[in-house]
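See structure below.
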Amino acid sequence: MSSFAKVLLPNQFDYAYHKEFQQQCTDYIDDASVDGIIFDFSRVEYLDSAALGMMMLWQRRAAAAHKKMMIKGAKGATAQILAMANMQRIFEYV
């Protein structure tokens with residue numbers, strides 16, 4: 001059975017969140033019992049290019065560790081930004 005960790009993203013997903021985001025991703029990637037990470041966008045109303053860059057960086061690190069990264073709950077403008085950035089080609093949506 002697969003074990004996925006969830007990162008509940010804040011209302012404003014931008015560079016100000018980077019330390020907490022980095023800590024959570026590091027902990028989950030280093031945890032052998034975790035098979036992947038789900039980024040929960042249900043609360044996100046704003047994200048910027050720094051957030052997209054952080055996602056890409058951690059996706060590469062996760063892939064190197066043979067872990068999946070998925071997106072859940074993106075809606076409205078947030079979903080449009082993720083689509084414009086072609087995130088559906090990189091991340092699985094759940």
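Convention: chains lettered A, B, ... in structure tokens order; per-chain residue numbering from 1; ligands numbered from 1 as shown.
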
Next on the checklist: Taking only chain A into account, list the residues labelled helix (DSSP H, G or I) by DSSP (computed from the backbone), as a PyMOL selection string.
Outcome noted: chain A and resi 15-30+49-64+76-84+87-89

Item to check | Using only C-alpha atoms: which of A:Phe91, A:Phe21, A:Trp58, A:Phe13 has the shortest distance to Ser42 of chain A | outcome: A:Phe13

Could you pull the residues within 12 Å of segment 30-39 of chain A, counting only C-alpha atoms, minus those fewer than 2 positions along the same chain, as an mmCIF file with N, CA and C atoms, in the first residue's frame?
```cif
data_model
loop_
_atom_site.group_PDB
_atom_site.id
_atom_site.type_symbol
_atom_site.label_atom_id
_atom_site.label_comp_id
_atom_site.auth_asym_id
_atom_site.auth_seq_id
_atom_site.Cartn_x
_atom_site.Cartn_y
_atom_site.Cartn_z
ATOM 1 N N MET A 1 0.835 -1.193 0.000
ATOM 2 C CA MET A 1 0.000 0.000 0.000
ATOM 3 C C MET A 1 0.877 1.253 0.000
ATOM 4 N N SER A 2 0.547 2.186 -0.856
ATOM 5 C CA SER A 2 1.329 3.414 -0.960
ATOM 6 C C SER A 2 0.986 4.386 0.163
ATOM 7 N N SER A 3 1.997 5.107 0.591
ATOM 8 C CA SER A 3 1.820 6.114 1.635
ATOM 9 C C SER A 3 2.189 7.478 1.064
ATOM 10 N N PHE A 4 1.212 8.394 1.071
ATOM 11 C CA PHE A 4 1.450 9.729 0.539
ATOM 12 C C PHE A 4 1.299 10.775 1.634
ATOM 13 N N ALA A 5 2.246 11.682 1.663
ATOM 14 C CA ALA A 5 2.209 12.785 2.622
ATOM 15 C C ALA A 5 1.515 13.963 1.952
ATOM 16 N N LYS A 6 0.811 14.756 2.750
ATOM 17 C CA LYS A 6 0.110 15.906 2.183
ATOM 18 C C LYS A 6 0.730 17.202 2.696
ATOM 19 N N VAL A 7 0.963 18.128 1.753
ATOM 20 C CA VAL A 7 1.422 19.472 2.095
ATOM 21 C C VAL A 7 0.246 20.406 1.814
ATOM 22 N N LEU A 8 -0.364 20.918 2.886
ATOM 23 C CA LEU A 8 -1.476 21.852 2.747
ATOM 24 C C LEU A 8 -0.887 23.239 2.528
ATOM 25 N N LEU A 9 -1.029 23.732 1.316
ATOM 26 C CA LEU A 9 -0.415 25.010 0.940
ATOM 27 C C LEU A 9 -1.230 26.184 1.473
ATOM 28 N N PRO A 10 -0.571 27.317 1.712
ATOM 29 C CA PRO A 10 -1.253 28.485 2.287
ATOM 30 C C PRO A 10 -2.072 29.252 1.248
ATOM 31 N N PHE A 13 0.681 31.335 -1.871
ATOM 32 C CA PHE A 13 1.814 30.439 -2.095
ATOM 33 C C PHE A 13 2.850 31.210 -2.895
ATOM 34 N N PHE A 21 7.922 25.241 3.163
ATOM 35 C CA PHE A 21 7.739 24.320 2.034
ATOM 36 C C PHE A 21 8.958 23.414 1.895
ATOM 37 N N GLN A 22 10.139 24.019 1.941
ATOM 38 C CA GLN A 22 11.387 23.273 1.804
ATOM 39 C C GLN A 22 11.539 22.257 2.933
ATOM 40 N N GLN A 23 11.202 22.649 4.152
ATOM 41 C CA GLN A 23 11.333 21.744 5.292
ATOM 42 C C GLN A 23 10.403 20.541 5.151
ATOM 43 N N GLN A 24 9.151 20.809 4.781
ATOM 44 C CA GLN A 24 8.195 19.713 4.618
ATOM 45 C C GLN A 24 8.628 18.760 3.510
ATOM 46 N N CYS A 25 9.015 19.310 2.375
ATOM 47 C CA CYS A 25 9.428 18.461 1.248
ATOM 48 C C CYS A 25 10.661 17.639 1.607
ATOM 49 N N THR A 26 11.637 18.257 2.266
ATOM 50 C CA THR A 26 12.841 17.540 2.684
ATOM 51 C C THR A 26 12.488 16.389 3.610
ATOM 52 N N ASP A 27 11.659 16.663 4.613
ATOM 53 C CA ASP A 27 11.266 15.623 5.566
ATOM 54 C C ASP A 27 10.591 14.447 4.864
ATOM 55 N N TYR A 28 9.675 14.752 3.942
ATOM 56 C CA TYR A 28 8.932 13.682 3.267
ATOM 57 C C TYR A 28 9.792 12.915 2.268
ATOM 58 N N PHE A 41 -3.835 22.211 -2.952
ATOM 59 C CA PHE A 41 -4.046 23.605 -3.357
ATOM 60 C C PHE A 41 -5.424 24.137 -2.952
ATOM 61 N N SER A 42 -6.161 23.417 -2.125
ATOM 62 C CA SER A 42 -7.544 23.805 -1.842
ATOM 63 C C SER A 42 -7.684 25.192 -1.217
ATOM 64 N N ARG A 43 -6.667 25.671 -0.512
ATOM 65 C CA ARG A 43 -6.738 27.004 0.104
ATOM 66 C C ARG A 43 -6.053 28.091 -0.723
ATOM 67 N N VAL A 44 -5.295 27.706 -1.744
ATOM 68 C CA VAL A 44 -4.468 28.672 -2.483
ATOM 69 C C VAL A 44 -5.326 29.575 -3.365
ATOM 70 N N ALA A 51 6.746 30.198 -6.508
ATOM 71 C CA ALA A 51 6.061 28.976 -6.100
ATOM 72 C C ALA A 51 6.197 27.906 -7.182
ATOM 73 N N LEU A 52 6.020 28.298 -8.438
ATOM 74 C CA LEU A 52 6.161 27.338 -9.541
ATOM 75 C C LEU A 52 7.588 26.796 -9.592
ATOM 76 N N MET A 54 9.712 26.542 -7.069
ATOM 77 C CA MET A 54 9.924 25.640 -5.939
ATOM 78 C C MET A 54 9.322 24.272 -6.228
ATOM 79 N N MET A 55 8.142 24.274 -6.844
ATOM 80 C CA MET A 55 7.498 23.004 -7.188
ATOM 81 C C MET A 55 8.358 22.200 -8.165
ATOM 82 N N TRP A 58 11.507 20.741 -6.387
ATOM 83 C CA TRP A 58 11.208 19.597 -5.538
ATOM 84 C C TRP A 58 10.697 18.410 -6.336
ATOM 85 N N GLN A 59 10.078 18.662 -7.472
ATOM 86 C CA GLN A 59 9.645 17.548 -8.316
ATOM 87 C C GLN A 59 10.873 16.797 -8.820
ATOM 88 N N ARG A 61 13.815 16.651 -7.369
ATOM 89 C CA ARG A 61 14.401 15.940 -6.228
ATOM 90 C C ARG A 61 13.584 14.700 -5.874
ATOM 91 N N ALA A 62 12.277 14.816 -5.963
ATOM 92 C CA ALA A 62 11.410 13.670 -5.676
ATOM 93 C C ALA A 62 11.640 12.566 -6.707
ATOM 94 N N ALA A 63 11.724 12.944 -7.971
ATOM 95 C CA ALA A 63 11.951 11.957 -9.032
ATOM 96 C C ALA A 63 13.278 11.228 -8.805
ATOM 97 N N ALA A 64 14.301 11.962 -8.404
ATOM 98 C CA ALA A 64 15.608 11.355 -8.128
ATOM 99 C C ALA A 64 15.514 10.365 -6.962
ATOM 100 N N ALA A 65 14.584 10.619 -6.043
ATOM 101 C CA ALA A 65 14.375 9.728 -4.894
ATOM 102 C C ALA A 65 13.293 8.676 -5.182
ATOM 103 N N HIS A 66 12.828 8.613 -6.440
ATOM 104 C CA HIS A 66 11.798 7.661 -6.870
ATOM 105 C C HIS A 66 10.489 7.850 -6.108
ATOM 106 N N LYS A 67 10.099 9.111 -5.942
ATOM 107 C CA LYS A 67 8.839 9.435 -5.272
ATOM 108 C C LYS A 67 7.971 10.260 -6.211
ATOM 109 N N LYS A 68 6.663 10.110 -6.055
ATOM 110 C CA LYS A 68 5.707 10.845 -6.886
ATOM 111 C C LYS A 68 5.344 12.160 -6.225
ATOM 112 N N MET A 69 4.985 13.131 -7.054
ATOM 113 C CA MET A 69 4.438 14.385 -6.550
ATOM 114 C C MET A 69 3.149 14.637 -7.313
ATOM 115 N N MET A 70 2.114 14.990 -6.566
ATOM 116 C CA MET A 70 0.802 15.177 -7.162
ATOM 117 C C MET A 70 0.185 16.494 -6.709
ATOM 118 N N ILE A 71 -0.773 16.962 -7.492
ATOM 119 C CA ILE A 71 -1.500 18.194 -7.198
ATOM 120 C C ILE A 71 -2.959 17.829 -6.946
ATOM 121 N N LYS A 72 -3.518 18.453 -5.917
ATOM 122 C CA LYS A 72 -4.917 18.205 -5.566
ATOM 123 C C LYS A 72 -5.589 19.538 -5.239
ATOM 124 N N GLY A 73 -6.830 19.702 -5.670
ATOM 125 C CA GLY A 73 -7.664 20.799 -5.201
ATOM 126 C C GLY A 73 -7.450 22.174 -5.820
ATOM 127 N N ALA A 74 -6.681 22.269 -6.894
ATOM 128 C CA ALA A 74 -6.480 23.586 -7.524
ATOM 129 C C ALA A 74 -7.771 24.022 -8.200
ATOM 130 N N PHE A 91 3.167 16.941 -13.146
ATOM 131 C CA PHE A 91 2.554 16.429 -11.926
ATOM 132 C C PHE A 91 1.275 15.665 -12.274
ATOM 133 N N GLU A 92 1.039 14.614 -11.520
ATOM 134 C CA GLU A 92 -0.230 13.899 -11.632
ATOM 135 C C GLU A 92 -1.263 14.680 -10.821
ATOM 136 N N TYR A 93 -2.476 14.798 -11.345
ATOM 137 C CA TYR A 93 -3.573 15.458 -10.616
ATOM 138 C C TYR A 93 -4.436 14.391 -9.972
ATOM 139 N N VAL A 94 -4.767 14.572 -8.701
ATOM 140 C CA VAL A 94 -5.615 13.618 -7.994
ATOM 141 C C VAL A 94 -6.826 14.323 -7.432
#
```

Next on the checklist: Please return, as a ChimeraX atom specification, all residues of chain A that DSSP assigns to strand (DSSP E or B) on the basis of the backbone.
Outcome noted: /A:4-8,12-13,36-40,46-47,68-72,92-93

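Interatomic distance, atom CA of Glu20 of chain A to atom CA of Ala50 of chain A: 13.9 Å.
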
Checklist entry - Hey, what's within 8 Å of segment 78-80 of chain A if we count only C-alpha atoms and toss same-chain stuff fewer than 6 positions away? As a PyMOL selection string, please? => result chain A and resi 44-47
